[in-house]
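Shown next: protein_29.pdb, containing PDB, C-alpha atoms.
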ATOM      1  CA  MET A   2     124.945  44.115 152.684
ATOM      2  CA  ILE A   3     126.677  46.283 150.124
ATOM      3  CA  VAL A   4     128.248  49.643 150.991
ATOM      4  CA  GLU A   5     128.142  52.144 148.149
ATOM      5  CA  PHE A   6     129.448  55.701 148.020
ATOM      6  CA  PHE A   7     127.904  57.881 145.317
ATOM      7  CA  ASP A   8     130.101  60.069 143.088
ATOM      8  CA  TYR A   9     128.121  63.238 143.764
ATOM      9  CA  GLY A  10     128.999  65.908 146.281
ATOM     10  CA  ASP A  11     129.806  69.193 144.593
ATOM     11  CA  GLY A  12     126.422  70.900 144.523
ATOM     12  CA  PHE A  13     123.924  72.291 146.944
ATOM     13  CA  SER A  14     121.739  70.225 149.273
ATOM     14  CA  LYS A  15     118.673  70.403 147.030
ATOM     15  CA  GLY A  16     119.977  67.708 144.666
ATOM     16  CA  PRO A  17     120.615  64.901 147.149
ATOM     17  CA  LEU A  18     117.612  65.807 149.312
ATOM     18  CA  ASP A  19     115.264  65.819 146.319
ATOM     19  CA  TYR A  20     116.574  62.380 145.362
ATOM     20  CA  LEU A  21     116.476  60.920 148.869
ATOM     21  CA  LEU A  22     113.150  62.385 150.035
ATOM     22  CA  GLY A  23     111.419  63.473 146.828
ATOM     23  CA  LYS A  24     111.053  66.984 145.393
ATOM     24  CA  LYS A  25     108.033  67.641 147.586
ATOM     25  CA  ARG A  26     109.469  65.471 150.381
ATOM     26  CA  ASN A  27     106.905  62.799 149.548
ATOM     27  CA  ARG A  28     108.975  60.039 147.927
ATOM     28  CA  CYS A  29     107.111  56.773 148.201
ATOM     29  CA  ASN A  30     108.812  54.264 150.521
ATOM     30  CA  ALA A  31     111.312  56.860 151.815
ATOM     31  CA  LYS A  32     111.508  57.549 155.529
ATOM     32  CA  LEU A  33     113.760  59.937 157.467
ATOM     33  CA  LEU A  34     115.326  57.859 160.243
ATOM     34  CA  THR A  35     117.755  60.183 162.034
ATOM     35  CA  GLY A  36     119.265  63.607 161.633
ATOM     36  CA  SER A  37     117.903  67.043 160.870
ATOM     37  CA  GLU A  38     117.148  67.711 157.210
ATOM     38  CA  ARG A  39     117.319  71.461 157.799
ATOM     39  CA  GLU A  40     120.637  71.376 159.663
ATOM     40  CA  VAL A  41     122.299  69.073 157.126
ATOM     41  CA  ALA A  42     121.022  71.238 154.247
ATOM     42  CA  GLU A  43     122.373  74.396 155.885
ATOM     43  CA  LEU A  44     125.783  72.834 156.525
ATOM     44  CA  ILE A  45     126.045  71.667 152.916
ATOM     45  CA  ASP A  46     124.867  74.976 151.491
ATOM     46  CA  ILE A  47     127.261  77.150 153.547
ATOM     47  CA  SER A  48     130.278  74.953 152.853
ATOM     48  CA  PRO A  49     133.045  76.860 151.046
ATOM     49  CA  TYR A  50     134.637  73.620 149.868
ATOM     50  CA  GLU A  51     134.377  72.116 146.399
ATOM     51  CA  LYS A  52     133.089  68.738 147.599
ATOM     52  CA  LYS A  53     130.287  69.795 149.931
ATOM     53  CA  TYR A  54     128.847  66.418 150.926
ATOM     54  CA  THR A  55     129.321  62.661 150.904
ATOM     55  CA  CYS A  56     126.399  60.358 150.278
ATOM     56  CA  GLY A  57     125.779  56.701 149.669
ATOM     57  CA  CYS A  58     123.865  53.748 150.969
ATOM     58  CA  LEU A  59     124.001  50.503 152.844
ATOM     59  CA  SER A  60     122.023  48.136 150.638
ATOM     60  CA  PHE A  61     120.557  44.917 152.014
ATOM     61  CA  SER A  62     119.079  41.879 150.291
ATOM     62  CA  GLU A  63     116.526  41.727 153.108
ATOM     63  CA  ASN A  64     113.330  43.717 152.782
ATOM     64  CA  ASP A  65     113.454  44.848 156.400
ATOM     65  CA  LEU A  66     115.476  44.811 159.610
ATOM     66  CA  SER A  67     114.336  45.471 163.137
ATOM     67  CA  GLU A  68     114.603  49.059 164.340
ATOM     68  CA  GLU A  69     117.228  47.924 166.857
ATOM     69  CA  ALA A  70     119.330  46.279 164.130
ATOM     70  CA  ARG A  71     119.081  49.357 161.878
ATOM     71  CA  LYS A  72     120.149  51.701 164.680
ATOM     72  CA  LYS A  73     123.075  49.463 165.607
ATOM     73  CA  ILE A  74     124.293  49.195 162.000
ATOM     74  CA  MET A  75     123.994  52.956 161.441
ATOM     75  CA  ALA A  76     125.869  53.721 164.690
ATOM     76  CA  GLU A  77     128.633  51.232 163.861
ATOM     77  CA  PHE A  78     128.965  52.631 160.345
ATOM     78  CA  GLU A  79     129.376  56.135 161.774
ATOM     79  CA  LYS A  80     132.102  54.831 164.110
ATOM     80  CA  CYS A  81     133.764  53.240 161.087
ATOM     81  CA  LEU A  82     133.699  56.480 159.060
ATOM     82  CA  PHE A  83     134.602  58.817 161.917
ATOM     83  CA  PRO A  84     137.154  56.972 164.083
ATOM     84  CA  GLY A  85     138.178  59.006 167.095
ATOM     85  CA  MET A  86     135.538  61.663 166.488
ATOM     86  CA  ASP A  87     132.674  62.585 168.773
ATOM     87  CA  GLN A  88     129.131  62.752 167.370
ATOM     88  CA  SER A  89     129.085  66.484 168.114
ATOM     89  CA  GLN A  90     131.710  66.996 165.381
ATOM     90  CA  TYR A  91     129.712  65.712 162.403
ATOM     91  CA  ARG A  92     126.161  65.279 161.125
ATOM     92  CA  VAL A  93     124.591  62.401 159.228
ATOM     93  CA  LEU A  94     121.116  62.306 157.744
ATOM     94  CA  TRP A  95     119.858  58.711 157.496
ATOM     95  CA  ILE A  96     117.001  57.947 155.112
ATOM     96  CA  GLU A  97     115.440  54.551 154.549
ATOM     97  CA  HIS A  98     114.357  53.466 151.077
ATOM     98  CA  LYS A  99     112.271  50.402 150.364
ATOM     99  CA  ASP A 100     111.476  50.936 146.687
ATOM    100  CA  LYS A 101     114.177  48.899 144.959
ATOM    101  CA  LEU A 102     113.645  45.240 144.070
ATOM    102  CA  ASN A 103     115.814  42.312 145.033
ATOM    103  CA  LYS A 104     116.277  40.667 141.617
ATOM    104  CA  LYS A 105     116.599  37.190 143.137
ATOM    105  CA  THR A 106     113.455  37.261 145.282
ATOM    106  CA  GLY A 107     111.350  39.899 143.521
ATOM    107  CA  GLU A 108     110.691  41.521 146.917
ATOM    108  CA  LYS A 109     111.495  45.090 147.820
ATOM    109  CA  ARG A 110     114.837  45.465 149.557
ATOM    110  CA  LEU A 111     116.055  47.805 152.261
ATOM    111  CA  GLU A 112     118.508  50.642 151.706
ATOM    112  CA  LEU A 113     119.850  52.874 154.461
ATOM    113  CA  ASN A 114     120.994  56.053 152.693
ATOM    114  CA  PHE A 115     123.349  58.538 154.326
ATOM    115  CA  LEU A 116     124.018  62.189 153.555
ATOM    116  CA  ILE A 117     126.991  63.781 155.314
ATOM    117  CA  PRO A 118     128.041  67.441 155.082
ATOM    118  CA  ASN A 119     131.814  67.543 154.514
ATOM    119  CA  LEU A 120     132.207  70.065 157.290
ATOM    120  CA  GLU A 121     133.443  69.569 160.840
ATOM    121  CA  VAL A 122     130.611  71.150 162.798
ATOM    122  CA  ASN A 123     132.597  72.782 165.619
ATOM    123  CA  THR A 124     135.420  74.310 163.576
ATOM    124  CA  GLY A 125     134.002  74.669 160.058
ATOM    125  CA  LYS A 126     137.060  72.860 158.698
ATOM    126  CA  ARG A 127     136.818  70.425 155.801
ATOM    127  CA  LEU A 128     135.810  66.899 156.756
ATOM    128  CA  GLN A 129     136.318  63.983 154.372
ATOM    129  CA  PRO A 130     134.436  60.979 155.772
ATOM    130  CA  PHE A 131     135.653  58.569 153.100
ATOM    131  CA  TYR A 132     138.895  58.584 151.140
ATOM    132  CA  HIS A 133     138.866  55.453 148.999
ATOM    133  CA  GLU A 134     142.571  54.580 149.112
ATOM    134  CA  VAL A 135     142.831  54.852 152.892
ATOM    135  CA  ASP A 136     139.352  54.028 154.181
ATOM    136  CA  LEU A 137     138.243  51.168 151.896
ATOM    137  CA  PRO A 138     139.897  48.382 153.961
ATOM    138  CA  ARG A 139     138.158  49.625 157.127
ATOM    139  CA  VAL A 140     134.774  49.915 155.369
ATOM    140  CA  ASP A 141     135.229  46.436 153.851
ATOM    141  CA  LEU A 142     135.934  45.023 157.299
ATOM    142  CA  PHE A 143     132.780  46.712 158.640
ATOM    143  CA  LYS A 144     130.796  45.161 155.788
ATOM    144  CA  LYS A 145     132.216  41.701 156.517
ATOM    145  CA  LEU A 146     131.357  41.996 160.209
ATOM    146  CA  VAL A 147     127.783  43.038 159.482
ATOM    147  CA  ASN A 148     127.315  40.314 156.877
TER     148      ASN A 148
END
Please express what this file holds, its structure, as C-alpha coordinates.
Amino acid sequence: MIVEFFDYGDGFSKGPLDYLLGKKRNRCNAKLLTGSEREVAELIDISPYEKKYTCGCLSFSENDLSEEARKKIMAEFEKCLFPGMDQSQYRVLWIEHKDKLNKKTGEKRLELNFLIPNLEVNTGKRLQPFYHEVDLPRVDLFKKLVN
(Lines of atoms letter the chains of each structure in order from A and count residues from 1; the text may use other names and numbers.)
(Lines give C-alpha, C1' and ligand atoms only; values in the text may rest on other atoms or scores of the structure.)
Protein backbone atom coordinates (compact mmCIF):
# COMPACT_ATOMS: atom_id res chain seq x y z
CA MET A 1 0.00 0.00 0.00
CA ILE A 2 1.07 3.54 -0.77
CA VAL A 3 -0.33 6.56 1.08
CA GLU A 4 -0.51 9.69 -1.05
CA PHE A 5 -1.71 13.17 -0.13
CA PHE A 6 -2.69 15.36 -3.08
CA ASP A 7 -1.50 18.98 -3.29
CA TYR A 8 -4.98 20.39 -3.85
CA GLY A 9 -7.21 21.88 -1.20
CA ASP A 10 -7.83 25.56 -1.82
CA GLY A 11 -10.98 25.50 -3.91
CA PHE A 12 -14.59 24.55 -3.54
CA SER A 13 -15.90 20.99 -3.23
CA LYS A 14 -16.89 20.73 -6.89
CA GLY A 15 -13.31 20.09 -8.05
CA PRO A 16 -12.44 17.10 -5.88
CA LEU A 17 -15.95 15.64 -6.05
CA ASP A 18 -16.02 15.86 -9.85
CA TYR A 19 -12.68 14.06 -9.95
CA LEU A 20 -13.57 11.40 -7.38
CA LEU A 21 -17.15 10.67 -8.50
CA GLY A 22 -17.35 12.11 -12.01
CA LYS A 23 -18.98 15.36 -13.16
CA LYS A 24 -22.37 13.68 -13.33
CA ARG A 25 -21.51 11.41 -10.38
CA ASN A 26 -21.18 8.50 -12.79
CA ARG A 27 -17.42 7.84 -12.89
CA CYS A 28 -16.82 4.30 -14.03
CA ASN A 29 -15.36 2.07 -11.30
CA ALA A 30 -15.91 4.70 -8.58
CA LYS A 31 -17.99 3.82 -5.55
CA LEU A 32 -18.90 5.92 -2.50
CA LEU A 33 -18.00 3.79 0.53
CA THR A 34 -18.68 5.97 3.57
CA GLY A 35 -19.54 9.54 4.40
CA SER A 36 -22.09 12.02 3.14
CA GLU A 37 -21.20 13.73 -0.13
CA ARG A 38 -23.60 16.58 0.64
CA GLU A 39 -22.31 17.18 4.17
CA VAL A 40 -18.65 17.09 3.13
CA ALA A 41 -19.36 19.46 0.22
CA GLU A 42 -21.16 21.91 2.51
CA LEU A 43 -18.35 21.86 5.07
CA ILE A 44 -15.74 22.52 2.38
CA ASP A 45 -17.77 25.25 0.72
CA ILE A 46 -18.51 27.19 3.94
CA SER A 47 -14.93 27.01 5.19
CA PRO A 48 -13.41 30.48 5.64
CA TYR A 49 -9.89 29.05 5.56
CA GLU A 50 -7.49 29.15 2.63
CA LYS A 51 -6.90 25.38 2.56
CA LYS A 52 -10.46 24.07 2.65
CA TYR A 53 -9.86 20.32 2.33
CA THR A 54 -7.32 17.52 2.40
CA CYS A 55 -7.53 14.66 -0.05
CA GLY A 56 -5.47 11.71 -1.12
CA CYS A 57 -5.58 7.98 -1.48
CA LEU A 58 -4.47 4.66 -0.12
CA SER A 59 -3.28 2.81 -3.21
CA PHE A 60 -2.98 -0.98 -3.24
CA SER A 61 -1.29 -3.35 -5.68
CA GLU A 62 -4.21 -5.73 -5.12
CA ASN A 63 -7.29 -5.38 -7.28
CA ASP A 64 -9.63 -5.90 -4.34
CA LEU A 65 -9.86 -6.37 -0.58
CA SER A 66 -12.69 -7.78 1.46
CA GLU A 67 -15.23 -5.27 2.76
CA GLU A 68 -14.08 -6.08 6.30
CA ALA A 69 -10.43 -5.38 5.43
CA ARG A 70 -11.33 -2.09 3.70
CA LYS A 71 -13.39 -0.89 6.67
CA LYS A 72 -10.62 -1.81 9.11
CA ILE A 73 -7.94 -0.02 7.07
CA MET A 74 -10.09 3.11 6.66
CA ALA A 75 -10.91 3.20 10.40
CA GLU A 76 -7.25 2.73 11.36
CA PHE A 77 -6.17 5.44 8.93
CA GLU A 78 -8.67 7.85 10.49
CA LYS A 79 -7.27 7.02 13.94
CA CYS A 80 -3.80 7.70 12.57
CA LEU A 81 -4.78 11.11 11.14
CA PHE A 82 -6.96 12.20 14.04
CA PRO A 83 -5.27 10.94 17.23
CA GLY A 84 -7.28 11.78 20.32
CA MET A 85 -10.26 13.02 18.33
CA ASP A 86 -13.76 11.59 18.34
CA GLN A 87 -15.46 10.77 15.02
CA SER A 88 -18.06 13.44 15.77
CA GLN A 89 -15.35 16.11 15.35
CA TYR A 90 -14.44 15.43 11.71
CA ARG A 91 -15.85 14.07 8.46
CA VAL A 92 -14.24 11.86 5.84
CA LEU A 93 -15.70 10.89 2.49
CA TRP A 94 -14.26 7.56 1.31
CA ILE A 95 -14.49 6.69 -2.38
CA GLU A 96 -13.21 3.51 -3.99
CA HIS A 97 -11.58 3.60 -7.42
CA LYS A 98 -10.77 0.52 -9.45
CA ASP A 99 -9.82 2.12 -12.77
CA LYS A 100 -6.03 2.35 -12.51
CA LEU A 101 -3.78 -0.45 -13.74
CA ASN A 102 -1.11 -2.26 -11.78
CA LYS A 103 1.81 -1.98 -14.22
CA LYS A 104 3.35 -5.26 -13.03
CA THR A 105 0.25 -7.44 -13.35
CA GLY A 106 -1.82 -5.51 -15.90
CA GLU A 107 -4.85 -5.88 -13.60
CA LYS A 108 -6.89 -3.04 -12.20
CA ARG A 109 -5.80 -2.00 -8.73
CA LEU A 110 -7.71 -0.70 -5.74
CA GLU A 111 -7.54 2.86 -4.46
CA LEU A 112 -9.33 4.11 -1.36
CA ASN A 113 -9.63 7.88 -1.83
CA PHE A 114 -10.37 10.23 1.05
CA LEU A 115 -11.73 13.76 1.08
CA ILE A 116 -11.61 15.61 4.40
CA PRO A 117 -13.00 19.10 5.09
CA ASN A 118 -10.35 21.04 7.04
CA LEU A 119 -12.94 22.10 9.57
CA GLU A 120 -13.56 20.78 13.07
CA VAL A 121 -17.27 20.03 12.88
CA ASN A 122 -18.33 21.04 16.41
CA THR A 123 -16.43 24.32 16.69
CA GLY A 124 -15.85 25.44 13.10
CA LYS A 125 -12.15 25.87 13.88
CA ARG A 126 -9.46 24.99 11.35
CA LEU A 127 -8.48 21.33 11.26
CA GLN A 128 -5.27 20.19 9.57
CA PRO A 129 -5.38 16.39 9.31
CA PHE A 130 -1.88 16.07 7.87
CA TYR A 131 1.15 18.29 8.41
CA HIS A 132 4.02 16.63 6.56
CA GLU A 133 6.87 17.49 8.94
CA VAL A 134 5.05 16.27 12.04
CA ASP A 135 2.67 13.58 10.80
CA LEU A 136 4.76 11.74 8.17
CA PRO A 137 6.48 9.37 10.66
CA ARG A 138 3.09 8.32 12.08
CA VAL A 139 1.59 7.81 8.60
CA ASP A 140 4.68 5.83 7.52
CA LEU A 141 4.31 3.59 10.56
CA PHE A 142 0.62 3.03 9.70
CA LYS A 143 1.65 2.10 6.15
CA LYS A 144 4.26 -0.37 7.42
CA LEU A 145 1.75 -2.01 9.75
CA VAL A 146 -0.82 -2.42 6.99
CA ASN A 147 1.75 -3.75 4.53
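Residues surrounding Leu82 in chain A within 7 Å are Phe78, Pro130 and Phe131 of chain A [only C-alpha atoms; sequence separation below 4 positions excluded].
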Distance criterion (all atoms listed in the file): nearest to Leu22 in chain A out of A:Leu116, A:Leu102, A:Leu142, A:Met75: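 Going through A:Leu116, A:Leu102, A:Leu142, A:Met75 one by one, the smallest distance to Leu22 in chain A is for A:Leu116.
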Identify, on the basis of all atoms listed in the file, every residue whose closest approach to Leu66 in chain A does not exceed 12 Å; exclude the query and any residue fewer than 6 positions from it along the same chain; express the result as a PDB file with C-alpha atoms, keeping the file's coordinate frame.
ATOM      1  CA  MET A   2     124.945  44.115 152.684  1.00  0.00           C
ATOM      2  CA  SER A  60     122.023  48.136 150.638  1.00  0.00           C
ATOM      3  CA  LYS A  72     120.149  51.701 164.680  1.00  0.00           C
ATOM      4  CA  LYS A  73     123.075  49.463 165.607  1.00  0.00           C
ATOM      5  CA  ILE A  74     124.293  49.195 162.000  1.00  0.00           C
ATOM      6  CA  MET A  75     123.994  52.956 161.441  1.00  0.00           C
ATOM      7  CA  GLU A  97     115.440  54.551 154.549  1.00  0.00           C
ATOM      8  CA  LYS A  99     112.271  50.402 150.364  1.00  0.00           C
ATOM      9  CA  ARG A 110     114.837  45.465 149.557  1.00  0.00           C
ATOM     10  CA  LEU A 111     116.055  47.805 152.261  1.00  0.00           C
ATOM     11  CA  GLU A 112     118.508  50.642 151.706  1.00  0.00           C
ATOM     12  CA  LEU A 113     119.850  52.874 154.461  1.00  0.00           C
TER      13      LEU A 113
END
Residue members of the PyMOL selection byres ((chain A and resi 134-140) around 12) in the file shown, as a ChimeraX atom specification: /A:2-6,59,77-84,129-133,141-147
Given only C-alpha atoms as the counted atoms, nearest of A:Lys109, A:Lys15, A:Lys101, A:Lys25 to Ile45 in chain A: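 Of A:Lys109, A:Lys15, A:Lys101, A:Lys25, the one nearest Ile45 in chain A, counting only C-alpha atoms, is A:Lys15.
Relative to CA of Trp95 in chain A, CA of Leu33 in chain A is found at 6.2 Å.
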So which one's closest to Ala42 in chain A, A:Asp87, A:Asp19, A:Asp65, A:Asp100? Using only C-alpha atoms, please.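 Closest residue, counting only C-alpha atoms: A:Asp19.
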Between A:Phe13, A:Phe61, A:Tyr20, A:Tyr54, which residue has the minimum interatomic distance to Asn119 in chain A, considering all atoms listed in the file?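 Using all atoms listed in the file, Asn119 in chain A sits closest to A:Tyr54.
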Taking 4 positions as the minimum chain separation for residues in the same chain, which residues sit within 10 Å of Val93 in chain A when counting only C-alpha atoms? Answer as number ranges by chain. A: 35-38, 40-41, 55-56, 75, 79, 88, 114-118
Polymer residues at most 7 Å from (128.1, 69.4, 147.3) by only C-alpha atoms, as a list in words: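 Taken together, the residues in range are Gly10, Asp11, Gly12, Phe13, Ser14, Ile45, Glu51, Lys52, Lys53 and Tyr54 of chain A.
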Would you work out the distance separating CA of Gly107 in chain A from CA of Tyr9 in chain A, expressed in Å to one decimal?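 Distance reported for this atom pair: 28.7 Å.
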